[in-house]
Structure formats: structure tokens, C-alpha cells
>>> print(open('entry.txt').read())   # compact mmCIF, C-alpha atoms
# COMPACT_ATOMS: atom_id res chain seq x y z
CA ARG A 1 -27.90 1.57 10.18
CA ASN A 2 -29.30 1.39 6.65
CA GLY A 3 -25.91 1.16 4.95
CA LYS A 4 -24.29 3.88 7.03
CA GLY A 5 -21.85 1.55 8.77
CA THR A 6 -20.93 1.62 12.42
CA LYS A 7 -21.23 4.77 14.51
CA THR A 8 -18.33 7.20 14.41
CA ASN A 9 -17.20 10.27 16.30
CA SER A 10 -18.17 13.07 13.92
CA SER A 11 -15.80 15.49 15.65
CA ALA A 12 -12.71 13.28 15.23
CA GLY A 13 -11.45 15.41 12.35
CA LEU A 14 -11.12 12.39 10.04
CA THR A 15 -12.66 11.66 6.63
CA TRP A 16 -15.20 8.83 6.47
CA SER A 17 -14.93 5.82 4.14
CA GLY A 18 -17.58 3.23 3.42
CA PHE A 19 -15.20 1.00 1.45
CA ARG A 20 -11.52 0.18 1.31
CA PRO A 21 -9.28 0.37 -1.79
CA SER A 22 -10.04 -3.37 -2.17
CA ASP A 23 -13.77 -2.53 -2.52
CA ASP A 24 -14.49 -4.42 0.72
CA ALA A 25 -16.67 -2.64 3.26
CA CYS A 26 -14.94 -0.89 6.16
CA VAL A 27 -15.54 -2.24 9.65
CA TYR A 28 -15.02 1.21 11.15
CA GLY A 29 -15.57 4.41 9.20
CA TYR A 30 -12.20 6.07 9.53
CA LEU A 31 -9.67 4.33 7.29
CA ILE A 32 -6.33 5.61 8.57
CA PRO A 33 -4.18 5.01 5.43
CA ALA A 34 -6.78 6.87 3.34
CA ASN A 35 -6.68 9.77 5.77
CA MET A 36 -2.89 9.82 5.59
CA PHE A 37 -3.12 9.95 1.80
CA ALA A 38 -5.60 12.81 2.08
CA VAL A 39 -3.10 14.78 4.17
CA VAL A 40 -0.46 14.31 1.46
CA VAL A 41 -2.80 15.28 -1.40
CA LEU A 42 -4.02 18.36 0.44
CA GLY A 43 -0.36 19.37 0.69
CA TYR A 44 -0.14 19.10 -3.10
CA MET A 45 -3.27 21.21 -3.35
CA GLU A 46 -1.69 23.91 -1.19
CA GLU A 47 1.35 23.91 -3.44
CA ILE A 48 -0.67 24.18 -6.64
CA ALA A 49 -2.97 26.85 -5.20
CA THR A 50 0.07 28.85 -4.06
CA LEU A 51 2.38 28.59 -7.05
CA ILE A 52 -0.01 28.23 -9.98
CA TRP A 53 -3.49 29.47 -9.10
CA LYS A 54 -2.38 32.18 -6.63
CA ASP A 55 -5.55 31.41 -4.67
CA ASP A 56 -5.00 32.40 -1.03
CA ILE A 57 -8.50 31.35 0.02
CA LEU A 58 -8.03 27.83 -1.33
CA VAL A 59 -4.60 27.65 0.29
CA LYS A 60 -6.09 28.44 3.70
CA LYS A 61 -8.94 25.94 3.23
CA ALA A 62 -6.51 23.17 2.23
CA GLN A 63 -4.21 23.98 5.14
CA LYS A 64 -7.08 23.94 7.62
CA LEU A 65 -8.46 20.62 6.40
CA ARG A 66 -5.00 19.02 6.19
CA THR A 67 -4.20 20.07 9.76
CA GLU A 68 -7.56 18.84 11.03
CA ILE A 69 -7.14 15.40 9.46
CA ASP A 70 -3.52 15.07 10.58
CA GLU A 71 -4.44 15.93 14.16
CA GLY A 72 -7.23 13.34 14.00
CA ILE A 73 -4.75 10.69 12.86
CA LYS A 74 -2.38 11.49 15.70
CA ARG A 75 -5.17 11.50 18.27
CA TYR A 76 -7.28 8.53 17.16
CA GLY A 77 -5.19 6.62 14.60
CA ILE A 78 -2.43 5.52 16.98
CA VAL A 79 -3.23 2.78 19.48
CA GLN A 80 -1.30 0.95 22.18
CA HIS A 81 -0.52 -2.69 21.35
CA LYS A 82 0.50 -5.01 24.18
CA THR A 83 3.35 -6.51 22.13
CA TYR A 84 4.47 -3.81 19.70
CA GLY A 85 3.77 -0.61 21.60
CA ARG A 86 2.21 2.38 19.85
CA ILE A 87 1.17 1.45 16.29
CA TYR A 88 -1.03 2.87 13.56
CA ALA A 89 -4.47 1.26 13.36
CA TYR A 90 -5.98 0.33 10.00
CA GLU A 91 -9.47 1.57 10.88
CA VAL A 92 -10.94 3.42 13.86
CA ASP A 93 -14.28 4.93 14.80
CA GLY A 94 -13.00 7.73 17.03
CA LEU A 95 -14.98 6.22 19.88
CA GLY A 96 -12.29 3.88 21.17
CA ASN A 97 -12.67 0.98 18.73
CA SER A 98 -9.96 0.04 16.24
CA LEU A 99 -9.15 -2.62 13.66
CA LEU A 100 -5.54 -3.79 13.72
CA MET A 101 -4.53 -5.28 10.36
CA ASP A 102 -3.37 -4.20 6.94
CA ASP A 103 -4.63 -4.84 3.44
CA ALA A 104 -2.35 -5.10 0.42
CA ASN A 105 -4.30 -2.51 -1.56
CA VAL A 106 -2.85 1.01 -1.61
CA PRO A 107 -3.25 3.21 0.36
CA SER A 108 -2.22 0.78 3.06
CA LEU A 109 -0.29 1.14 6.29
CA LEU A 110 2.73 -0.46 4.61
CA SER A 111 2.61 2.16 1.85
CA VAL A 112 2.72 5.16 4.20
CA PRO A 113 6.38 6.07 3.38
CA TYR A 114 5.71 5.62 -0.35
CA LEU A 115 2.71 7.95 -0.20
CA GLY A 116 4.85 10.65 1.38
CA TYR A 117 3.01 11.02 4.68
CA GLU A 118 5.14 12.50 7.49
CA TYR A 119 4.78 9.60 9.92
CA ASP A 120 6.17 9.12 13.39
CA GLU A 121 9.27 6.99 12.81
CA GLN A 122 9.00 4.96 16.02
CA VAL A 123 5.28 4.36 15.58
CA PHE A 124 5.80 3.24 11.98
CA ALA A 125 8.70 0.96 12.97
CA ASN A 126 6.43 -0.66 15.57
CA THR A 127 3.63 -0.87 13.02
CA LYS A 128 5.87 -2.54 10.46
CA ARG A 129 6.90 -5.20 12.98
CA PHE A 130 3.22 -5.84 13.61
CA LEU A 131 2.39 -5.98 9.89
CA PHE A 132 4.97 -8.71 9.25
CA SER A 133 3.86 -10.89 12.14
CA LYS A 134 1.23 -13.51 12.86
CA ASP A 135 -0.69 -10.84 14.76
CA ASN A 136 -1.65 -9.27 11.45
CA PRO A 137 -4.46 -11.60 10.31
CA TRP A 138 -3.63 -11.03 6.63
CA PHE A 139 0.11 -11.71 6.78
CA HIS A 140 0.91 -15.11 5.30
CA ARG A 141 3.88 -17.37 4.63
CA GLY A 142 4.42 -20.34 2.38
CA LYS A 143 6.99 -22.27 0.35
CA SER A 144 6.94 -23.61 -3.18
CA GLY A 145 9.70 -24.92 -5.42
CA GLY A 146 12.35 -24.07 -2.86
CA THR A 147 11.24 -20.43 -2.62
CA ASP A 148 10.01 -18.99 0.66
CA TYR A 149 7.22 -16.48 0.22
CA SER A 150 5.86 -14.05 2.78
CA GLY A 151 3.67 -11.00 2.49
CA ILE A 152 0.39 -9.29 3.16
CA GLY A 153 -2.84 -10.39 1.53
CA SER A 154 -6.43 -9.18 1.68
CA PRO A 155 -9.82 -10.45 2.80
CA HIS A 156 -10.90 -9.67 -0.76
CA THR A 157 -9.30 -12.95 -1.89
CA HIS A 158 -10.35 -15.13 1.02
CA PHE A 159 -11.18 -17.89 -1.47
CA ILE A 160 -7.44 -18.61 -1.94
CA PRO A 161 -6.04 -19.94 1.36
CA SER A 162 -3.26 -17.84 2.89
CA SER A 163 -3.02 -15.77 -0.27
CA ILE A 164 -0.34 -13.09 -0.68
CA TRP A 165 -0.77 -10.08 -2.93
CA PRO A 166 2.24 -9.20 -5.14
CA MET A 167 1.22 -5.58 -4.65
CA ALA A 168 2.23 -5.80 -0.99
CA MET A 169 5.53 -7.51 -1.81
CA ILE A 170 6.25 -4.77 -4.34
CA MET A 171 5.44 -2.08 -1.79
CA GLU A 172 7.78 -3.77 0.69
CA GLY A 173 10.52 -3.28 -1.89
CA LEU A 174 9.55 0.28 -2.81
CA ILE A 175 9.89 1.51 0.77
CA SER A 176 13.22 -0.26 1.27
CA ASN A 177 16.65 1.36 0.90
CA ASN A 178 18.33 -2.05 0.85
CA VAL A 179 19.27 -2.99 -2.72
CA THR A 180 19.77 -6.66 -1.82
CA GLU A 181 16.27 -6.81 -0.31
CA LYS A 182 14.82 -5.19 -3.43
CA VAL A 183 16.55 -7.68 -5.76
CA ILE A 184 15.39 -10.67 -3.68
CA LEU A 185 11.82 -9.39 -3.80
CA VAL A 186 12.01 -8.86 -7.58
CA GLU A 187 13.19 -12.46 -8.01
CA LYS A 188 10.43 -13.79 -5.75
CA LEU A 189 7.82 -11.73 -7.57
CA MET A 190 8.92 -13.14 -10.91
CA SER A 191 8.80 -16.64 -9.45
CA SER A 192 5.32 -16.01 -8.03
CA SER A 193 3.99 -15.24 -11.51
CA ALA A 194 3.94 -18.99 -12.18
CA GLY A 195 5.60 -18.60 -15.57
CA THR A 196 3.09 -16.07 -16.90
CA GLY A 197 5.36 -13.05 -16.60
CA TRP A 198 2.51 -10.97 -15.15
CA MET A 199 1.84 -9.79 -11.63
CA HIS A 200 -1.34 -11.37 -10.32
CA GLU A 201 -3.85 -10.03 -7.85
CA SER A 202 -3.01 -12.76 -5.33
CA PHE A 203 -1.43 -16.20 -5.19
CA ASN A 204 -1.19 -19.18 -2.89
CA PRO A 205 2.37 -19.13 -1.47
CA ASN A 206 2.37 -22.93 -1.33
CA ASN A 207 1.23 -23.20 -4.95
CA PRO A 208 1.71 -20.00 -7.02
CA LYS A 209 -0.12 -21.61 -9.93
CA ARG A 210 -3.27 -20.99 -7.95
CA PHE A 211 -3.83 -17.27 -8.38
CA SER A 212 -6.52 -14.68 -9.00
CA ARG A 213 -6.50 -12.50 -12.13
CA PRO A 214 -4.25 -13.69 -14.98
CA TRP A 215 -2.95 -10.12 -15.18
CA PHE A 216 -3.49 -7.03 -13.08
CA CYS A 217 -2.12 -3.72 -14.42
CA TRP A 218 -1.96 -2.06 -10.98
CA PRO A 219 0.78 -4.33 -9.56
CA ASP A 220 2.31 -4.61 -13.05
CA SER A 221 2.87 -0.83 -12.99
CA LEU A 222 4.17 -0.86 -9.42
CA PHE A 223 6.52 -3.74 -10.29
CA ALA A 224 7.98 -1.65 -13.11
CA GLU A 225 8.49 1.16 -10.60
CA LEU A 226 10.26 -1.23 -8.24
CA VAL A 227 12.62 -2.33 -11.01
CA MET A 228 13.26 1.31 -11.92
CA SER A 229 14.08 2.08 -8.29
CA LEU A 230 17.07 -0.24 -8.60
CA THR A 231 18.79 2.14 -11.04
CA ASP A 232 20.80 5.18 -9.99
CA LEU A 233 18.69 7.43 -12.21
CA CYS A 234 15.45 7.54 -10.25
CA PRO A 235 13.79 8.61 -8.10
CA ARG A 236 15.62 11.92 -7.88
CA PRO A 237 17.54 11.93 -4.59
CA GLN A 238 16.52 15.49 -3.68
CA TYR A 239 12.98 14.24 -3.14
CA GLY A 240 14.02 11.99 -0.28
CA LYS A 241 14.31 8.29 0.35
CA TYR A 242 10.81 7.15 -0.46
CA ALA A 243 8.45 9.75 -1.91
CA VAL A 244 8.32 9.38 -5.68
CA LYS A 245 7.22 12.66 -7.23
CA GLU A 246 9.10 12.79 -10.51
CA TRP A 247 11.08 10.37 -12.67
CA LEU A 248 13.99 11.25 -14.92
CA ASP A 249 13.36 10.60 -18.58
CA PRO A 250 16.76 10.21 -20.27
CA ASN A 251 17.04 9.48 -23.96
CA ASP A 252 19.05 6.36 -23.30
CA VAL A 253 18.90 4.05 -20.29
CA SER A 254 21.70 1.55 -19.96
CA GLY A 255 20.95 -2.05 -19.05
CA SER A 256 18.83 -4.87 -20.38
CA GLU A 257 16.01 -4.21 -22.76
CA PHE A 258 12.50 -4.68 -21.41
CA MET A 259 10.67 -7.16 -23.60
CA ALA A 260 6.99 -8.00 -23.55
CA ILE A 261 6.35 -11.62 -22.74
CA GLU A 262 4.27 -13.26 -25.43
CA GLU A 263 3.69 -16.71 -24.06
CA ASP A 264 0.56 -18.79 -24.21
CA TYR A 265 -0.43 -20.40 -20.97
CA ASP A 266 -3.44 -22.20 -19.58
CA ASP A 267 -4.86 -20.18 -16.73
CA GLY A 268 -8.27 -21.78 -16.87
CA ALA A 269 -7.74 -24.67 -14.47
CA GLU A 270 -5.21 -23.07 -12.21
CA SER A 271 -6.41 -19.48 -11.83
CA GLU A 272 -9.32 -18.25 -9.79
CA SER A 273 -11.92 -15.82 -11.10
CA GLU A 274 -12.18 -12.42 -9.50
CA SER A 275 -14.52 -12.35 -6.51
>>> encode(input="entry.txt", output="C-alpha cells")
Amino acid sequence: RNGKGTKTNSSAGLTWSGFRPSDDACVYGYLIPANMFAVVVLGYMEEIATLIWKDDILVKKAQKLRTEIDEGIKRYGIVQHKTYGRIYAYEVDGLGNSLLMDDANVPSLLSVPYLGYEYDEQVFANTKRFLFSKDNPWFHRGKSGGTDYSGIGSPHTHFIPSSIWPMAMIMEGLISNNVTEKVILVEKLMSSSAGTGWMHESFNPNNPKRFSRPWFCWPDSLFAELVMSLTDLCPRPQYGKYAVKEWLDPNDVSGSEFMAIEEDYDDGAESESES
């Protein structure tokens, strides 16, 4: 279709995407996590237009579009899975076709609570069980140096077999309320850095020294947020369990000092170039 992708239902109420956050092309035009993120951002727009700009026309436009997209998600973005029940699809076309998977890049299905979307709790619980199962084609497991790794990868790094993206492991921790789970994930993430001290784009769970991107500031930043979430200072509890809207900025923060790692390492032979 001359670069237009597969056919979609133009009256589905959803926003169209040609590419995913990973830069890979969409199979179907309606990327559900992106639409969920749009619903959240339009809510922010309503708030700004109401409290700051005092623009009633913009408020109504944002409300209308947000409602339209949200209704489209609920109508077309939830599918029946024979094993897990009703789950969120990754991509749909509004014509009955859907792609059931998740990609580590945010917005992802895993990141829905972090983004602040008001999801159906049972549907998300079912979806999460699907995401961390063999039925998700991009969920991988492996073991190296006595450490068991598991997490979601991406077709973007298909050149590393069974690769896991630290970004997805970090997001798993960010949406968790279990401190023990968070700490275990932090330790595994540090171990997966293969001694570099940086979060990589992806790594082979059976050999973390085989990775893509020697450093990647996106997961580095999210990793810092995960570590911060282990303190009792942030995020502010009045904002809820997951949605991070504002961080406290005290003059003094107790605990260990954060030190930049200045260590030379040879990433030439072991690392993979970005695809």
C-alpha cells in the first residue's frame, strides 16, 4: 500500500502509528500502548488548559479526543486469549486482527501502570501473565554465572539470540510494590551490565558480555528512577502506587553516595553494533 501499512478501521477512534518506539514498523496500525499514553497525555492537556491557560475550547477538544481514544482501546484493544482470558493486544487494526506480544521499549504494555493509564485491573493481570510466558514471542530466559535472567526483549535486536532488554527489567521493578522484588531486579541489572556499570540496550541472558550499545542513556535514566523508588522519599505517596509525576528534591539524601564508574573495558569484541 505504498508505505501506508495494513488496512485499518478509520472509525475505530484510535490514533495510527507507522512505527513503534523501537523504530520497527508496526504490523497493524493501532499501537495500543501508544494510544494508552495518548489518553494520559490528553488528561495532562486538559489539566493545563483548565488551570493555566483557562481555555475552555481546548479543554473540550482534549476531553473529546481522550474519550474517543479510550473507548477505542476498550472496544478494539482487548482480545480474548484461549489461555489467559481477556488481555490487552499490542497492535490491532480495528478489523478483527491483533498482534499479541510486547516490546521492551516504552510505551509498552508492561509500562501501562507506570504511564498512569487507568487500566482494567483484571485485564492487565491477565496481560501480565501472558507477557511473562512463552506465549509472548519476545519473553526470554537464560542463566549465566549462577544468575537466572528473565525479561522481555524486542525484535529490534534479533541479531542477539534470546536477548533481554534491561529497560523491560527496570519497568518490571518500577511497577512493583514489592521491595524485595525491586532489590533482586537491581542486583540482576547490575550483573547484566557485564562489569561496565552501564545499562545496555539488550544482552544475551546466557552470556551478558554479548550486548548491544555499550551505554544507553534511556535505561540508565530509568534505572536511576528504579533505585530512587526504593527510598521512602519518592515518589510522593499521594500520587498513587505507580504514576510518577513529581519527585521530592531534598537538600540532603541519606544513604550511599552515587559515584560515576570510570572503568576502561573492551567492548569491541563482545558488544554488538546497533542495528
>>> atom_distance(input="entry.txt", atom1="atom CA of Thr50 of chain A", atom2="atom CA of Leu65 of chain A")
15.8 Å
>>> residues_around(input="entry.txt", residues="Ser133 of chain A", least_positions_apart="2", cutoff="12 Å", atoms="only C-alpha atoms", output="list in words")
Thr83, Tyr84, Leu100, Met101, Asp102, Asn126, Thr127, Lys128, Arg129, Phe130, Leu131, Asp135, Asn136, Pro137, Trp138, Phe139, His140, Arg141, Ser150, Gly151 and Ile152 of chain A
>>> closest_residue(input="entry.txt", among="A:Phe159, A:Tyr149, A:Tyr44, A:Phe211", to="Val186 of chain A", atoms="all atoms listed in the file")
A:Tyr149
>>> closest_atom_pairs(input="entry.txt", of="segment 143-177 of chain A", to="segment 214-232 of chain A", cutoff="7 Å", atoms="all atoms listed in the file", output="JSON lines")
{"residue": "A:Pro166", "atom": "CA", "partner": "A:Pro219", "partner_atom": "CA", "distance": 6.7}
{"residue": "A:Met167", "atom": "CA", "partner": "A:Pro219", "partner_atom": "CA", "distance": 5.1}
{"residue": "A:Ile170", "atom": "CA", "partner": "A:Phe223", "partner_atom": "CA", "distance": 6.0}
{"residue": "A:Gly173", "atom": "CA", "partner": "A:Leu226", "partner_atom": "CA", "distance": 6.7}
{"residue": "A:Leu174", "atom": "CA", "partner": "A:Leu226", "partner_atom": "CA", "distance": 5.7}
>>> residues_around(input="entry.txt", residues="segment 26-36 of chain A", least_positions_apart="3", cutoff="6 Å", atoms="all atoms listed in the file", output="JSON, numbers by chain")
{"A": [16, 17, 18, 19, 39, 90, 91, 92, 93, 107, 108, 109]}
>>> atom_distance(input="entry.txt", atom1="atom CA of Glu181 of chain A", atom2="atom CA of Ala168 of chain A")
14.1 Å
>>> closest_residue(input="entry.txt", among="A:Asp103, A:Met169, A:Ala89, A:Thr15", to="Val183 of chain A", atoms="only C-alpha atoms")
A:Met169
>>> closest_residue(input="entry.txt", among="A:Gly195, A:Gly77, A:Gly13, A:Pro205", to="Ile164 of chain A", atoms="all atoms listed in the file")
A:Pro205
>>> build_atoms(input="entry.txt", residues="segment 102-124 of chain A", atoms="N, CA and C atoms", output="PDB file, keeping the file's coordinate frame")
ATOM      1  N   ASP A 102      -3.656  -4.989   8.134  1.00  0.00           N
ATOM      2  CA  ASP A 102      -3.370  -4.200   6.940  1.00  0.00           C
ATOM      3  C   ASP A 102      -3.862  -4.979   5.743  1.00  0.00           C
ATOM      4  N   ASP A 103      -4.162  -4.270   4.694  1.00  0.00           N
ATOM      5  CA  ASP A 103      -4.630  -4.840   3.440  1.00  0.00           C
ATOM      6  C   ASP A 103      -3.630  -4.451   2.369  1.00  0.00           C
ATOM      7  N   ALA A 104      -3.369  -5.348   1.436  1.00  0.00           N
ATOM      8  CA  ALA A 104      -2.350  -5.100   0.420  1.00  0.00           C
ATOM      9  C   ALA A 104      -2.648  -3.889  -0.449  1.00  0.00           C
ATOM     10  N   ASN A 105      -3.921  -3.585  -0.656  1.00  0.00           N
ATOM     11  CA  ASN A 105      -4.300  -2.510  -1.560  1.00  0.00           C
ATOM     12  C   ASN A 105      -3.854  -1.147  -1.039  1.00  0.00           C
ATOM     13  N   VAL A 106      -3.371  -0.325  -1.943  1.00  0.00           N
ATOM     14  CA  VAL A 106      -2.850   1.010  -1.610  1.00  0.00           C
ATOM     15  C   VAL A 106      -3.959   2.049  -1.749  1.00  0.00           C
ATOM     16  N   PRO A 107      -4.116   2.968  -0.784  1.00  0.00           N
ATOM     17  CA  PRO A 107      -3.250   3.210   0.360  1.00  0.00           C
ATOM     18  C   PRO A 107      -3.409   2.173   1.462  1.00  0.00           C
ATOM     19  N   SER A 108      -2.286   1.736   1.967  1.00  0.00           N
ATOM     20  CA  SER A 108      -2.220   0.780   3.060  1.00  0.00           C
ATOM     21  C   SER A 108      -1.287   1.339   4.115  1.00  0.00           C
ATOM     22  N   LEU A 109      -1.239   0.697   5.265  1.00  0.00           N
ATOM     23  CA  LEU A 109      -0.290   1.140   6.290  1.00  0.00           C
ATOM     24  C   LEU A 109       1.143   0.930   5.810  1.00  0.00           C
ATOM     25  N   LEU A 110       1.385  -0.173   5.106  1.00  0.00           N
ATOM     26  CA  LEU A 110       2.730  -0.460   4.610  1.00  0.00           C
ATOM     27  C   LEU A 110       3.197   0.621   3.629  1.00  0.00           C
ATOM     28  N   SER A 111       2.251   1.202   2.897  1.00  0.00           N
ATOM     29  CA  SER A 111       2.610   2.160   1.850  1.00  0.00           C
ATOM     30  C   SER A 111       2.787   3.586   2.345  1.00  0.00           C
ATOM     31  N   VAL A 112       2.660   3.801   3.650  1.00  0.00           N
ATOM     32  CA  VAL A 112       2.720   5.160   4.200  1.00  0.00           C
ATOM     33  C   VAL A 112       3.982   5.921   3.766  1.00  0.00           C
ATOM     34  N   PRO A 113       5.193   5.336   3.835  1.00  0.00           N
ATOM     35  CA  PRO A 113       6.380   6.070   3.380  1.00  0.00           C
ATOM     36  C   PRO A 113       6.322   6.377   1.884  1.00  0.00           C
ATOM     37  N   TYR A 114       5.818   5.442   1.099  1.00  0.00           N
ATOM     38  CA  TYR A 114       5.710   5.620  -0.350  1.00  0.00           C
ATOM     39  C   TYR A 114       4.770   6.776  -0.689  1.00  0.00           C
ATOM     40  N   LEU A 115       3.681   6.894   0.055  1.00  0.00           N
ATOM     41  CA  LEU A 115       2.710   7.950  -0.200  1.00  0.00           C
ATOM     42  C   LEU A 115       3.272   9.330   0.129  1.00  0.00           C
ATOM     43  N   GLY A 116       4.251   9.378   1.031  1.00  0.00           N
ATOM     44  CA  GLY A 116       4.850  10.650   1.380  1.00  0.00           C
ATOM     45  C   GLY A 116       4.307  11.274   2.643  1.00  0.00           C
ATOM     46  N   TYR A 117       3.553  10.495   3.430  1.00  0.00           N
ATOM     47  CA  TYR A 117       3.010  11.020   4.680  1.00  0.00           C
ATOM     48  C   TYR A 117       4.136  11.163   5.712  1.00  0.00           C
ATOM     49  N   GLU A 118       4.119  12.258   6.471  1.00  0.00           N
ATOM     50  CA  GLU A 118       5.140  12.500   7.490  1.00  0.00           C
ATOM     51  C   GLU A 118       4.756  11.744   8.773  1.00  0.00           C
ATOM     52  N   TYR A 119       5.154  10.501   8.830  1.00  0.00           N
ATOM     53  CA  TYR A 119       4.780   9.600   9.920  1.00  0.00           C
ATOM     54  C   TYR A 119       5.749   9.722  11.085  1.00  0.00           C
ATOM     55  N   ASP A 120       5.295   9.236  12.219  1.00  0.00           N
ATOM     56  CA  ASP A 120       6.170   9.120  13.390  1.00  0.00           C
ATOM     57  C   ASP A 120       7.055   7.886  13.168  1.00  0.00           C
ATOM     58  N   GLU A 121       8.366   8.079  13.162  1.00  0.00           N
ATOM     59  CA  GLU A 121       9.270   6.990  12.810  1.00  0.00           C
ATOM     60  C   GLU A 121       9.189   5.801  13.757  1.00  0.00           C
ATOM     61  N   GLN A 122       9.079   6.062  15.061  1.00  0.00           N
ATOM     62  CA  GLN A 122       9.000   4.960  16.020  1.00  0.00           C
ATOM     63  C   GLN A 122       7.678   4.230  15.891  1.00  0.00           C
ATOM     64  N   VAL A 123       6.600   4.984  15.726  1.00  0.00           N
ATOM     65  CA  VAL A 123       5.280   4.360  15.580  1.00  0.00           C
ATOM     66  C   VAL A 123       5.234   3.515  14.317  1.00  0.00           C
ATOM     67  N   PHE A 124       5.816   4.022  13.223  1.00  0.00           N
ATOM     68  CA  PHE A 124       5.800   3.240  11.980  1.00  0.00           C
ATOM     69  C   PHE A 124       6.673   1.998  12.106  1.00  0.00           C
TER      70      PHE A 124
END
